[in-house]
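What follows is the content of run-v4.tsv, which has TSV, C-alpha atoms and all ligand atoms:
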chain	number	residue	atom	x	y	z
A	1	MET	CA	-25.37	-13.84	9.54
A	2	SER	CA	-23.43	-15.23	12.45
A	3	GLN	CA	-20.23	-17.16	12.18
A	4	SER	CA	-21.86	-19.99	14.16
A	5	ASP	CA	-23.67	-20.62	10.86
A	6	ALA	CA	-21.43	-23.32	9.34
A	7	PRO	CA	-22.09	-22.46	5.66
A	8	ALA	CA	-21.34	-18.81	6.41
A	9	ARG	CA	-18.04	-19.76	8.05
A	10	GLU	CA	-17.04	-21.82	5.04
A	11	ARG	CA	-17.99	-19.04	2.65
A	12	VAL	CA	-15.94	-16.55	4.63
A	13	LYS	CA	-12.95	-18.89	4.84
A	14	GLN	CA	-13.14	-19.61	1.13
A	15	ALA	CA	-13.04	-15.89	0.33
A	16	LEU	CA	-10.18	-15.28	2.76
A	17	ARG	CA	-8.13	-18.04	1.09
A	18	THR	CA	-7.95	-15.87	-2.05
A	19	GLN	CA	-6.92	-12.66	-0.27
A	20	ARG	CA	-3.45	-11.39	-1.16
A	21	ILE	CA	-1.73	-8.57	0.76
A	22	GLU	CA	1.50	-7.09	-0.61
A	23	THR	CA	4.17	-5.96	1.83
A	24	PRO	CA	6.57	-3.09	1.08
A	25	SER	CA	10.33	-3.67	0.95
A	26	TRP	CA	10.95	-0.40	2.77
A	27	ALA	CA	8.93	-1.48	5.81
A	28	TYR	CA	11.62	-4.04	6.64
A	29	ALA	CA	14.34	-1.38	6.61
A	30	ASN	CA	15.19	1.41	9.01
A	31	SER	CA	12.78	4.33	8.99
A	32	GLY	CA	11.83	7.23	11.19
A	33	THR	CA	10.60	10.78	11.17
A	34	ARG	CA	12.36	13.96	10.12
A	35	PHE	CA	13.63	14.12	13.68
A	36	LYS	CA	15.36	10.78	13.92
A	37	VAL	CA	15.75	7.36	12.35
A	38	PHE	CA	16.34	4.81	15.14
A	39	PRO	CA	18.28	1.89	13.63
A	40	GLN	CA	17.17	-1.56	14.71
A	41	GLU	CA	19.09	-4.84	14.99
A	42	GLY	CA	18.74	-7.42	12.22
A	43	VAL	CA	17.55	-4.92	9.62
A	44	PRO	CA	18.20	-6.01	5.99
A	45	ARG	CA	21.17	-4.55	4.16
A	46	ASP	CA	19.95	-5.09	0.62
A	47	PRO	CA	16.83	-6.05	-1.39
A	48	TYR	CA	17.72	-9.74	-1.19
A	49	GLU	CA	17.52	-9.68	2.61
A	50	LYS	CA	14.33	-7.59	2.50
A	51	ILE	CA	12.72	-10.26	0.32
A	52	ALA	CA	13.91	-12.96	2.76
A	53	ASP	CA	12.09	-11.14	5.56
A	54	ALA	CA	8.98	-10.71	3.41
A	55	ALA	CA	9.07	-14.47	2.75
A	56	VAL	CA	8.87	-15.10	6.50
A	57	VAL	CA	5.72	-12.96	6.69
A	58	HIS	CA	4.18	-14.95	3.84
A	59	ARG	CA	5.29	-18.31	5.23
A	60	LEU	CA	3.59	-17.56	8.56
A	61	THR	CA	0.46	-15.81	7.27
A	62	GLY	CA	-0.07	-17.54	3.93
A	63	ALA	CA	-1.48	-14.24	2.61
A	64	ALA	CA	1.48	-12.08	1.59
A	65	PRO	CA	3.14	-13.65	-1.48
A	66	THR	CA	4.46	-10.47	-3.09
A	67	VAL	CA	6.75	-7.64	-2.00
A	68	ALA	CA	6.75	-4.15	-3.48
A	69	LEU	CA	10.06	-2.60	-4.50
A	70	HIS	CA	11.15	1.00	-4.32
A	71	ILE	CA	13.62	2.39	-6.86
A	72	PRO	CA	16.41	3.44	-6.27
A	73	TRP	CA	16.27	2.05	-2.73
A	74	ASP	CA	16.04	-1.48	-4.19
A	75	ARG	CA	18.17	-0.94	-7.26
A	76	VAL	CA	20.21	-4.04	-8.23
A	77	ASP	CA	22.38	-4.91	-11.24
A	78	ASP	CA	20.25	-7.87	-12.27
A	79	TYR	CA	16.49	-7.69	-11.64
A	80	ALA	CA	15.92	-11.09	-13.19
A	81	ASP	CA	18.26	-12.52	-10.55
A	82	LEU	CA	16.36	-10.68	-7.82
A	83	ALA	CA	13.10	-12.06	-9.21
A	84	LYS	CA	14.60	-15.57	-9.15
A	85	HIS	CA	15.69	-15.05	-5.54
A	86	ALA	CA	12.10	-14.14	-4.72
A	87	THR	CA	10.70	-17.13	-6.61
A	88	ASP	CA	13.12	-19.46	-4.84
A	89	LEU	CA	11.66	-18.18	-1.55
A	90	GLY	CA	8.09	-18.69	-2.74
A	91	MET	CA	7.63	-14.98	-3.34
A	92	GLY	CA	6.88	-12.66	-6.25
A	93	LEU	CA	7.97	-9.08	-6.93
A	94	GLY	CA	5.06	-6.69	-6.77
A	95	ALA	CA	4.56	-3.03	-7.50
A	96	ILE	CA	7.52	-0.89	-8.51
A	97	ASN	CA	7.49	2.36	-6.57
A	98	SER	CA	9.20	5.27	-8.28
A	99	ASN	CA	11.09	7.86	-6.27
A	100	VAL	CA	11.18	11.37	-7.59
A	101	PHE	CA	11.18	12.95	-4.15
A	102	GLN	CA	14.74	12.57	-2.81
A	103	ASP	CA	17.09	13.90	-5.53
A	104	PRO	CA	18.36	17.48	-4.95
A	105	ASP	CA	17.18	18.39	-8.46
A	106	TYR	CA	13.60	17.87	-7.31
A	107	MET	CA	13.52	20.70	-4.77
A	108	LEU	CA	10.97	22.63	-6.89
A	109	GLY	CA	9.25	19.52	-8.16
A	110	SER	CA	9.98	16.57	-10.41
A	111	VAL	CA	7.64	16.10	-13.39
A	112	THR	CA	6.02	19.47	-12.64
A	113	ASN	CA	9.26	21.38	-12.12
A	114	PRO	CA	9.48	24.66	-14.05
A	115	ASP	CA	12.84	23.52	-15.47
A	116	PRO	CA	12.40	21.22	-18.52
A	117	ARG	CA	15.74	19.55	-17.76
A	118	VAL	CA	14.47	18.39	-14.37
A	119	ARG	CA	11.15	17.27	-15.85
A	120	ARG	CA	13.04	15.17	-18.40
A	121	LYS	CA	15.19	13.61	-15.66
A	122	ALA	CA	12.14	12.74	-13.57
A	123	THR	CA	10.22	11.30	-16.52
A	124	ASP	CA	13.25	9.24	-17.50
A	125	HIS	CA	13.28	7.78	-13.97
A	126	LEU	CA	9.64	6.75	-14.36
A	127	LEU	CA	10.46	5.15	-17.72
A	128	GLU	CA	13.39	3.31	-16.07
A	129	CYS	CA	10.89	1.93	-13.55
A	130	VAL	CA	8.82	0.51	-16.43
A	131	ASP	CA	11.99	-1.11	-17.82
A	132	ILE	CA	12.44	-2.69	-14.38
A	133	MET	CA	8.82	-3.90	-14.44
A	134	ASP	CA	9.63	-5.66	-17.71
A	135	ALA	CA	12.48	-7.46	-15.92
A	136	THR	CA	10.63	-8.28	-12.69
A	137	GLY	CA	7.30	-9.13	-14.31
A	138	SER	CA	5.56	-6.53	-12.15
A	139	ARG	CA	2.08	-5.38	-13.15
A	140	ASP	CA	1.98	-2.06	-11.29
A	141	LEU	CA	3.98	1.15	-11.38
A	142	LYS	CA	3.13	3.16	-8.28
A	143	LEU	CA	3.53	6.90	-8.81
A	144	TRP	CA	3.57	9.25	-5.85
A	145	PHE	CA	4.68	12.83	-6.45
A	146	SER	CA	5.79	15.03	-3.58
A	147	ASP	CA	5.55	17.86	-6.10
A	148	GLY	CA	3.95	21.07	-4.96
A	149	THR	CA	4.64	24.63	-3.88
A	150	ASN	CA	5.12	26.35	-0.53
A	151	TYR	CA	3.97	29.86	-1.31
A	152	PRO	CA	1.23	31.58	-3.32
A	153	GLY	CA	2.70	32.82	-6.59
A	154	GLN	CA	5.66	30.43	-6.47
A	155	ASP	CA	4.59	28.66	-9.63
A	156	ASP	CA	1.66	28.45	-12.01
A	157	ILE	CA	-0.84	25.95	-10.53
A	158	ARG	CA	-2.43	25.24	-13.92
A	159	ALA	CA	0.88	24.93	-15.80
A	160	ARG	CA	1.99	22.30	-13.27
A	161	GLN	CA	-1.06	20.22	-14.15
A	162	ASP	CA	-0.14	20.48	-17.83
A	163	ARG	CA	3.41	19.33	-17.05
A	164	LEU	CA	2.08	16.45	-14.95
A	165	ALA	CA	-0.29	15.36	-17.72
A	166	THR	CA	2.54	15.44	-20.27
A	167	ALA	CA	4.78	13.21	-18.14
A	168	LEU	CA	1.98	10.80	-17.26
A	169	ARG	CA	1.02	10.48	-20.93
A	170	GLU	CA	4.61	9.61	-21.92
A	171	VAL	CA	4.87	6.95	-19.20
A	172	TYR	CA	1.38	5.60	-19.91
A	173	ASP	CA	2.21	5.15	-23.59
A	174	ARG	CA	5.34	3.17	-22.56
A	175	LEU	CA	3.34	0.61	-20.55
A	176	GLY	CA	3.07	-2.96	-21.79
A	177	PRO	CA	-0.33	-4.61	-22.32
A	178	ASN	CA	-0.45	-6.07	-18.80
A	179	GLN	CA	1.06	-3.15	-16.94
A	180	ARG	CA	-0.69	-0.35	-15.06
A	181	ILE	CA	0.01	3.03	-13.56
A	182	LEU	CA	-1.28	3.39	-9.99
A	183	LEU	CA	-1.45	7.12	-9.35
A	184	GLU	CA	-1.30	7.98	-5.65
A	185	TYR	CA	-2.59	11.23	-4.17
A	186	LYS	CA	-1.68	12.94	-0.91
A	187	LEU	CA	-3.31	16.06	0.48
A	188	PHE	CA	-0.28	17.51	2.23
A	189	GLU	CA	3.46	17.17	2.95
A	190	PRO	CA	6.19	17.81	1.98
A	191	ALA	CA	4.75	20.81	0.10
A	192	PHE	CA	2.81	23.23	2.25
A	193	TYR	CA	0.73	25.42	-0.10
A	194	THR	CA	-0.23	23.29	-3.12
A	195	THR	CA	0.35	19.62	-3.85
A	196	ASP	CA	0.10	18.69	-7.51
A	197	VAL	CA	-1.80	15.43	-6.86
A	198	PRO	CA	-3.59	16.34	-3.62
A	199	ASP	CA	-6.78	14.31	-3.65
A	200	TRP	CA	-8.68	11.46	-5.23
A	201	GLY	CA	-10.47	13.78	-7.65
A	202	THR	CA	-7.21	14.99	-9.18
A	203	ALA	CA	-5.85	11.48	-9.45
A	204	TYR	CA	-9.15	10.26	-10.91
A	205	ALA	CA	-9.27	13.03	-13.52
A	206	HIS	CA	-5.73	12.33	-14.72
A	207	CYS	CA	-6.36	8.57	-14.81
A	208	LEU	CA	-9.59	9.11	-16.76
A	209	GLU	CA	-7.67	11.22	-19.30
A	210	LEU	CA	-4.91	8.61	-19.61
A	211	GLY	CA	-6.99	5.48	-20.19
A	212	PRO	CA	-7.88	2.08	-18.73
A	213	LYS	CA	-4.37	1.17	-17.60
A	214	ALA	CA	-4.26	4.13	-15.20
A	215	GLN	CA	-5.90	3.61	-11.83
A	216	VAL	CA	-6.06	5.45	-8.51
A	217	VAL	CA	-4.34	4.12	-5.40
A	218	ILE	CA	-5.74	5.12	-2.01
A	219	ASP	CA	-3.14	5.56	0.71
A	220	THR	CA	-5.23	5.56	3.87
A	221	GLY	CA	-2.91	8.11	5.54
A	222	HIS	CA	-3.22	10.70	2.77
A	223	HIS	CA	-6.48	12.47	3.60
A	224	ALA	CA	-7.65	15.33	5.78
A	225	PRO	CA	-8.70	14.15	9.25
A	226	GLY	CA	-12.27	12.85	9.23
A	227	THR	CA	-12.36	12.09	5.51
A	228	ASN	CA	-14.83	9.33	4.67
A	229	ILE	CA	-12.42	7.00	2.87
A	230	GLU	CA	-14.97	4.27	2.30
A	231	PHE	CA	-16.98	6.76	0.18
A	232	ILE	CA	-13.93	7.17	-2.09
A	233	VAL	CA	-13.57	3.40	-2.26
A	234	ALA	CA	-17.23	2.94	-3.24
A	235	PHE	CA	-17.11	5.76	-5.82
A	236	LEU	CA	-13.89	4.59	-7.52
A	237	LEU	CA	-15.01	0.96	-7.53
A	238	ARG	CA	-18.28	1.94	-9.18
A	239	VAL	CA	-16.45	3.76	-12.00
A	240	GLY	CA	-13.76	1.08	-12.36
A	241	LYS	CA	-10.89	3.35	-11.33
A	242	LEU	CA	-9.72	1.83	-8.02
A	243	GLY	CA	-6.31	0.24	-8.57
A	244	GLY	CA	-5.43	-0.48	-4.98
A	245	PHE	CA	-4.49	0.65	-1.52
A	246	ASP	CA	-1.45	1.70	0.41
A	247	PHE	CA	-2.74	0.57	3.79
A	248	ASN	CA	-1.48	2.14	6.99
A	249	SER	CA	-2.96	3.87	10.00
A	250	ARG	CA	-2.76	7.38	11.41
A	251	PHE	CA	-3.78	9.29	14.49
A	252	TYR	CA	-2.88	12.69	13.07
A	253	ALA	CA	-1.07	12.90	9.72
A	254	ASP	CA	0.64	10.45	7.35
A	255	ASP	CA	1.88	8.46	10.32
A	256	ASP	CA	2.39	5.20	8.41
A	257	LEU	CA	1.47	3.16	11.51
A	258	MET	CA	0.27	-0.45	11.40
A	259	VAL	CA	-2.93	-0.61	9.37
A	260	GLY	CA	-6.00	-0.96	11.59
A	261	SER	CA	-4.11	0.04	14.73
A	262	ALA	CA	-5.59	3.53	15.02
A	263	ASP	CA	-9.07	2.88	13.64
A	264	PRO	CA	-10.05	-0.76	13.05
A	265	PHE	CA	-13.67	0.31	12.45
A	266	GLN	CA	-12.60	2.47	9.47
A	267	LEU	CA	-10.61	-0.45	8.04
A	268	PHE	CA	-13.70	-2.66	8.40
A	269	ARG	CA	-15.87	-0.06	6.61
A	270	ILE	CA	-13.31	0.12	3.80
A	271	MET	CA	-13.18	-3.66	3.45
A	272	TYR	CA	-16.99	-3.80	3.55
A	273	GLU	CA	-17.13	-1.60	0.43
A	274	ILE	CA	-14.60	-3.93	-1.20
A	275	VAL	CA	-16.75	-6.97	-0.36
A	276	ARG	CA	-19.95	-5.14	-1.39
A	277	GLY	CA	-18.25	-4.26	-4.68
A	278	ASP	CA	-17.19	-7.89	-5.23
A	279	ALA	CA	-13.60	-6.64	-5.43
A	280	LEU	CA	-11.87	-8.99	-2.98
A	281	ARG	CA	-11.14	-11.59	-5.67
A	282	PRO	CA	-7.62	-11.31	-7.18
A	283	GLU	CA	-9.29	-11.16	-10.63
A	284	ALA	CA	-10.84	-7.83	-9.59
A	285	GLY	CA	-7.33	-6.37	-9.86
A	286	ILE	CA	-7.28	-4.41	-6.59
A	287	ALA	CA	-3.75	-4.28	-5.15
A	288	PHE	CA	-4.00	-4.59	-1.37
A	289	MET	CA	-0.61	-3.15	-0.43
A	290	LEU	CA	0.85	-2.02	2.86
A	291	ASP	CA	2.80	1.23	2.94
A	292	GLN	CA	4.06	1.56	6.48
A	293	CYS	CA	7.10	2.57	8.49
A	294	HIS	CA	7.89	0.72	11.70
A	295	ASN	CA	10.00	3.33	13.39
A	296	ILE	CA	9.92	2.05	16.99
A	297	GLU	CA	8.45	-1.43	16.76
A	298	PRO	CA	10.18	-4.62	15.53
A	299	LYS	CA	9.54	-4.66	11.80
A	300	ILE	CA	8.68	-8.23	10.81
A	301	PRO	CA	6.15	-8.85	13.61
A	302	ALA	CA	4.64	-5.40	12.97
A	303	ILE	CA	4.09	-6.37	9.34
A	304	ILE	CA	2.63	-9.74	10.37
A	305	ARG	CA	0.27	-7.91	12.72
A	306	SER	CA	-0.72	-5.60	9.86
A	307	VAL	CA	-1.54	-8.53	7.57
A	308	LEU	CA	-3.63	-10.08	10.36
A	309	ASN	CA	-5.43	-6.76	10.91
A	310	VAL	CA	-6.43	-6.63	7.23
A	311	GLN	CA	-7.58	-10.26	7.38
A	312	GLU	CA	-9.67	-9.61	10.50
A	313	ALA	CA	-11.34	-6.55	8.96
A	314	THR	CA	-12.01	-8.53	5.80
A	315	ALA	CA	-13.47	-11.48	7.71
A	316	LYS	CA	-15.83	-9.13	9.56
A	317	ALA	CA	-16.84	-7.48	6.28
A	318	LEU	CA	-17.58	-10.90	4.79
A	319	LEU	CA	-19.84	-11.68	7.77
A	320	VAL	CA	-22.21	-8.80	7.00
A	321	ASP	CA	-25.66	-10.24	6.28
A	322	ALA	CA	-26.11	-8.55	2.90
A	323	GLY	CA	-29.74	-9.60	2.61
A	324	ALA	CA	-30.75	-8.30	6.02
A	325	LEU	CA	-28.77	-5.10	5.43
A	326	ALA	CA	-30.33	-4.42	2.03
A	327	ALA	CA	-33.82	-5.11	3.35
A	328	ALA	CA	-33.34	-2.73	6.27
A	329	GLN	CA	-31.85	-0.06	3.98
A	330	GLN	CA	-34.69	-0.28	1.49
A	331	ALA	CA	-37.21	-0.14	4.32
A	332	GLY	CA	-35.56	2.96	5.72
A	333	ASP	CA	-34.91	1.05	8.91
A	334	VAL	CA	-31.97	3.15	10.11
A	335	LEU	CA	-31.32	1.26	13.32
A	336	GLY	CA	-31.82	-2.14	11.70
A	337	ALA	CA	-29.41	-1.36	8.89
A	338	ASN	CA	-26.82	0.03	11.28
A	339	ALA	CA	-27.24	-3.03	13.49
A	340	ALA	CA	-26.69	-5.35	10.54
A	341	LEU	CA	-23.33	-3.74	9.89
A	342	MET	CA	-22.37	-3.49	13.56
A	343	ASP	CA	-23.28	-7.13	14.23
A	344	ALA	CA	-20.57	-8.14	11.77
A	345	TYR	CA	-18.06	-5.60	13.04
A	346	ASN	CA	-18.58	-6.76	16.61
A	347	SER	CA	-17.92	-10.40	15.77
A	348	ASP	CA	-14.71	-11.89	17.11
A	349	VAL	CA	-13.32	-13.48	13.94
A	350	ARG	CA	-10.03	-14.60	15.45
A	351	PRO	CA	-11.23	-18.21	16.04
A	352	LEU	CA	-12.42	-18.40	12.43
A	353	LEU	CA	-9.07	-17.10	11.17
A	354	ALA	CA	-7.18	-19.52	13.43
A	355	GLU	CA	-9.28	-22.34	11.97
A	356	LEU	CA	-8.51	-21.17	8.42
A	357	ARG	CA	-4.77	-21.12	9.18
A	358	ALA	CA	-4.97	-24.62	10.62
A	359	ASP	CA	-6.84	-25.73	7.45
A	360	LEU	CA	-3.93	-24.27	5.45
A	361	GLY	CA	-1.35	-26.09	7.56
A	362	LEU	CA	-0.22	-22.86	9.20
A	363	ASP	CA	0.23	-22.05	12.86
A	364	PRO	CA	-3.08	-20.56	14.05
A	365	ASP	CA	-1.11	-17.76	15.76
A	366	PRO	CA	1.46	-16.29	13.33
A	367	MET	CA	2.74	-13.75	15.86
A	368	ALA	CA	3.55	-16.47	18.41
A	369	ALA	CA	4.99	-18.66	15.65
A	370	TYR	CA	7.34	-15.86	14.61
A	371	ALA	CA	8.44	-15.22	18.19
A	372	ARG	CA	9.25	-18.95	18.61
A	373	SER	CA	10.93	-19.25	15.19
A	374	GLY	CA	14.33	-17.88	16.21
A	375	TYR	CA	14.43	-15.92	12.92
A	376	PHE	CA	15.04	-12.60	14.61
A	377	GLU	CA	17.90	-14.02	16.68
A	378	ARG	CA	19.40	-15.44	13.48
A	379	ILE	CA	19.26	-12.27	11.42
A	380	ARG	CA	20.44	-10.18	14.37
A	381	ALA	CA	23.61	-12.30	14.42
A	382	GLU	CA	24.02	-12.71	10.65
A	383	ARG	CA	23.41	-9.06	9.81
A	384	ALA	CA	25.58	-7.59	12.57
A	385	GLY	CA	27.86	-5.86	10.05
A	386	GLY	CA	27.36	-4.02	6.78
A	387	GLN	CA	25.27	-1.00	5.90
A	388	GLN	CA	21.65	-1.30	7.03
A	389	ALA	CA	18.96	-0.35	4.50
A	390	GLY	CA	16.71	2.59	5.19
A	391	TRP	CA	15.57	5.87	3.73
A	392	GLY	CA	17.78	7.78	6.09
A	393	ALA	CA	15.53	10.71	6.77
B	1	LIG	C1	5.70	7.96	1.25
B	1	LIG	C2	4.60	8.70	0.53
B	1	LIG	C3	3.72	7.75	-0.25
B	1	LIG	C4	4.46	6.69	-1.03
B	1	LIG	C5	5.52	6.05	-0.15
B	1	LIG	C6	6.39	5.12	-0.97
B	1	LIG	O1	3.79	9.39	1.47
B	1	LIG	O2	2.79	7.12	0.62
B	1	LIG	O3	3.56	5.64	-1.44
B	1	LIG	O4	6.37	7.04	0.42
B	1	LIG	O5	6.99	5.84	-2.02
B	1	LIG	O6	5.12	7.25	2.33
B	2	MN	MN	1.74	5.37	-0.07
For the file at hand, write its structure as structure tokens.
Ligand code: AFD
Ligand code: MN
Amino acid sequence: MSQSDAPARERVKQALRTQRIETPSWAYANSGTRFKVFPQEGVPRDPYEKIADAAVVHRLTGAAPTVALHIPWDRVDDYADLAKHATDLGMGLGAINSNVFQDPDYMLGSVTNPDPRVRRKATDHLLECVDIMDATGSRDLKLWFSDGTNYPGQDDIRARQDRLATALREVYDRLGPNQRILLEYKLFEPAFYTTDVPDWGTAYAHCLELGPKAQVVIDTGHHAPGTNIEFIVAFLLRVGKLGGFDFNSRFYADDDLMVGSADPFQLFRIMYEIVRGDALRPEAGIAFMLDQCHNIEPKIPAIIRSVLNVQEATAKALLVDAGALAAAQQAGDVLGANAALMDAYNSDVRPLLAELRADLGLDPDPMAAYARSGYFERIRAERAGGQQAGWGA
């Protein structure tokens, strides 16, 4: 199917109108590597300013109406007031990200720590995050555990799974009817020998044990090099256990670069499995979140670029001629089937996306619109003082 085919263009545009991409509060703040955090001008100093920046991304792209929070980085006295601030800016508060990886007590783990006092403290933090979800109206609690060990024999691998299951069960049972746990896995880092939730299979098994309100979240930077991520997407979609994504890009490790910047073809293949699984619609419940750190590039335009990259990959995936592809697959026509997918991937969808933005009353080029907006110059002046937000690694 080519995008010169008018009905196809309309169908693609219609599907893209429903796409929602959630940006992370922490991507607007200072970030870096373990070697250095390079502060940037204009960076927000609190969650209110982070949400203001996220609102600019949504205003220019029309596709990013919610912003994920990270607790305690975004802790405030009155979450209802923060939610109203977001609403006033045309935004919503999205996933609540727990943080049981930066307190000194968590050196040997959080919910899997051998010390029951530490496990209680970590589990109480997760329960506090659910309380916050009640106040913000968030659906999703994102759980990532840096828990693991650095040496063989350090701790009992199996006992740590029991501890994890116990904590997850307590938090799961606290969830309201419209709330979910999104359990995130990561193969490596910061632990070097075992990680307690290292891969999609572990996350899937725990979510299966917990129940329907526990889903797996795929962070695209959390796999061994060469992992076929679109296989994981297809498998989890088929069994109804894909809760969402933490999109980013990597050349080597968990680089948290702009999604699609290192491997746009992989992002297209991932979005093709979403389209093939009829999971693009908001009703499908897949959270399309960014989880990125813009260490050396200006943050707001980097996030805009990331949203555009997801839209472009999605538009290409929507252009795949499903009929021609299925026919070639069933006929065992290897080259024909590959060509059907590659035809879509090789389409330049930027004119179609520019047309969609014009239809929506948006500037066809959000990056240029941001550069012209004067917003950066304004926040650089307004935010000259105060303590910049960041995770201070
Ligand atoms: C780190 C972790 C993980 C988590 C994110 C926000 O690797 O991706 O989702 O922090 O807590 O990037
Ligand atoms: Mn993540």
Give the residue list for ligand MN 2 (chain B) at 6 Å, counting only C-alpha atoms and all ligand atoms, as a count of residues only, sorted by chain and then by residue number. 3
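Counting only C-alpha atoms and all ligand atoms and comparing A:Gly176, A:Gly361, A:Pro190, A:Gly109, the residue that lies closest to ligand LIG 1 (chain B) is A:Pro190.
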Quick check, in Å to one decimal: how far apart do atom CA of Trp144 of chain A and atom CA of Ala389 of chain A lie?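 Interatomic distance, atom CA of Trp144 of chain A to atom CA of Ala389 of chain A: 20.9 Å.
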Between atom CA of Ala27 of chain A and atom CA of His58 of chain A, what is the distance, to one decimal in Å? 14.4 Å
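Across the structure, atom CA of Pro116 of chain A and atom CA of Leu210 of chain A are spaced 21.4 Å apart.
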Write out, as a Markdown table, each residue of chain A that has an atom at most 10 Å from ligand LIG 1 (chain B), together with the closest pair of atoms and their distance in Å to one decimal, counting only C-alpha atoms and all ligand atoms, rows going by chain and rising number.
| residue | atom | partner | partner_atom | distance |
| --- | --- | --- | --- | --- |
| A:Pro24 | CA | B:LIG1 | C6 | 8.5 |
| A:Ser25 | CA | B:LIG1 | C6 | 9.8 |
| A:Trp26 | CA | B:LIG1 | C6 | 8.1 |
| A:Ala27 | CA | B:LIG1 | C6 | 9.8 |
| A:Ala68 | CA | B:LIG1 | C6 | 9.6 |
| A:Leu69 | CA | B:LIG1 | C6 | 9.2 |
| A:His70 | CA | B:LIG1 | O5 | 6.8 |
| A:Ile71 | CA | B:LIG1 | O5 | 8.9 |
| A:Ile96 | CA | B:LIG1 | O5 | 9.4 |
| A:Asn97 | CA | B:LIG1 | O5 | 5.8 |
| A:Ser98 | CA | B:LIG1 | O5 | 6.7 |
| A:Asn99 | CA | B:LIG1 | O5 | 6.2 |
| A:Val100 | CA | B:LIG1 | O5 | 8.9 |
| A:Phe101 | CA | B:LIG1 | O5 | 8.5 |
| A:Lys142 | CA | B:LIG1 | O3 | 7.3 |
| A:Leu143 | CA | B:LIG1 | O3 | 7.5 |
| A:Trp144 | CA | B:LIG1 | C4 | 5.5 |
| A:Phe145 | CA | B:LIG1 | C3 | 8.1 |
| A:Ser146 | CA | B:LIG1 | C2 | 7.6 |
| A:Leu183 | CA | B:LIG1 | O3 | 9.5 |
| A:Glu184 | CA | B:LIG1 | O3 | 6.8 |
| A:Tyr185 | CA | B:LIG1 | C3 | 8.2 |
| A:Lys186 | CA | B:LIG1 | O1 | 6.9 |
| A:Leu187 | CA | B:LIG1 | O1 | 9.8 |
| A:Phe188 | CA | B:LIG1 | O1 | 9.1 |
| A:Glu189 | CA | B:LIG1 | O1 | 7.9 |
| A:Pro190 | CA | B:LIG1 | O1 | 8.8 |
| A:Val217 | CA | B:LIG1 | O3 | 9.0 |
| A:Ile218 | CA | B:LIG1 | O2 | 9.1 |
| A:Asp219 | CA | B:LIG1 | O2 | 6.1 |
| A:Thr220 | CA | B:LIG1 | O2 | 8.8 |
| A:Gly221 | CA | B:LIG1 | O2 | 7.6 |
| A:His222 | CA | B:LIG1 | O1 | 7.2 |
| A:Phe245 | CA | B:LIG1 | O3 | 9.5 |
| A:Asp246 | CA | B:LIG1 | O3 | 6.6 |
| A:Phe247 | CA | B:LIG1 | O2 | 9.1 |
| A:Asn248 | CA | B:LIG1 | O2 | 9.1 |
| A:Asp254 | CA | B:LIG1 | O1 | 6.8 |
| A:Asp255 | CA | B:LIG1 | O6 | 8.7 |
| A:Asp256 | CA | B:LIG1 | O6 | 7.0 |
| A:Met289 | CA | B:LIG1 | O3 | 9.8 |
| A:Leu290 | CA | B:LIG1 | O3 | 9.2 |
| A:Asp291 | CA | B:LIG1 | O3 | 6.3 |
| A:Gln292 | CA | B:LIG1 | O6 | 7.1 |
| A:Cys293 | CA | B:LIG1 | O6 | 8.0 |
| A:Trp391 | CA | B:LIG1 | O4 | 9.8 |
Rank nothing, just name the residue among A:Phe376, A:Tyr272, A:Tyr370, A:Phe288 nearest to Leu341 of chain A, using only C-alpha atoms. A:Tyr272
Excluding Asp147 of chain A and residues on its chain fewer than 6 positions from it, collect all residues at most 9 Å away from it, counting all atoms listed in the file, and give them as a PyMOL selection string. chain A and resi 100-101+106-113+190-191+194-197
Protein and nucleic acid residues near (13.5, 6.9, -12.2) (cut-off 9 Å, only C-alpha atoms) as number ranges by chain: A: 71-72, 98-100, 121-130
Would you list the contacts of Ala369 of chain A as a ChimeraX atom specification, taking every protein, DNA or RNA residue within 12 Å and counting only C-alpha atoms, but skipping same-chain residues closer than 3 positions in sequence? /A:56-57,59-61,301,304,357,362-366,372-376
Would you pick out the contacts of Ile232 of chain A at 12 Å or less, using all atoms listed in the file, so that residues sharing its chain but fewer than 4 positions from it are not included, and give the list as a tab-separated table (two decimals) with C-alpha atoms, keeping the file's coordinate frame?
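Written out: around.tsv:
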chain	number	residue	atom	x	y	z
A	199	ASP	CA	-6.78	14.31	-3.65
A	200	TRP	CA	-8.68	11.46	-5.23
A	201	GLY	CA	-10.47	13.78	-7.65
A	203	ALA	CA	-5.85	11.48	-9.45
A	204	TYR	CA	-9.15	10.26	-10.91
A	216	VAL	CA	-6.06	5.45	-8.51
A	217	VAL	CA	-4.34	4.12	-5.40
A	218	ILE	CA	-5.74	5.12	-2.01
A	219	ASP	CA	-3.14	5.56	0.71
A	220	THR	CA	-5.23	5.56	3.87
A	223	HIS	CA	-6.48	12.47	3.60
A	227	THR	CA	-12.36	12.09	5.51
A	228	ASN	CA	-14.83	9.33	4.67
A	236	LEU	CA	-13.89	4.59	-7.52
A	237	LEU	CA	-15.01	0.96	-7.53
A	238	ARG	CA	-18.28	1.94	-9.18
A	239	VAL	CA	-16.45	3.76	-12.00
A	240	GLY	CA	-13.76	1.08	-12.36
A	241	LYS	CA	-10.89	3.35	-11.33
A	242	LEU	CA	-9.72	1.83	-8.02
A	244	GLY	CA	-5.43	-0.48	-4.98
A	245	PHE	CA	-4.49	0.65	-1.52
A	269	ARG	CA	-15.87	-0.06	6.61
A	270	ILE	CA	-13.31	0.12	3.80
A	273	GLU	CA	-17.13	-1.60	0.43
A	274	ILE	CA	-14.60	-3.93	-1.20
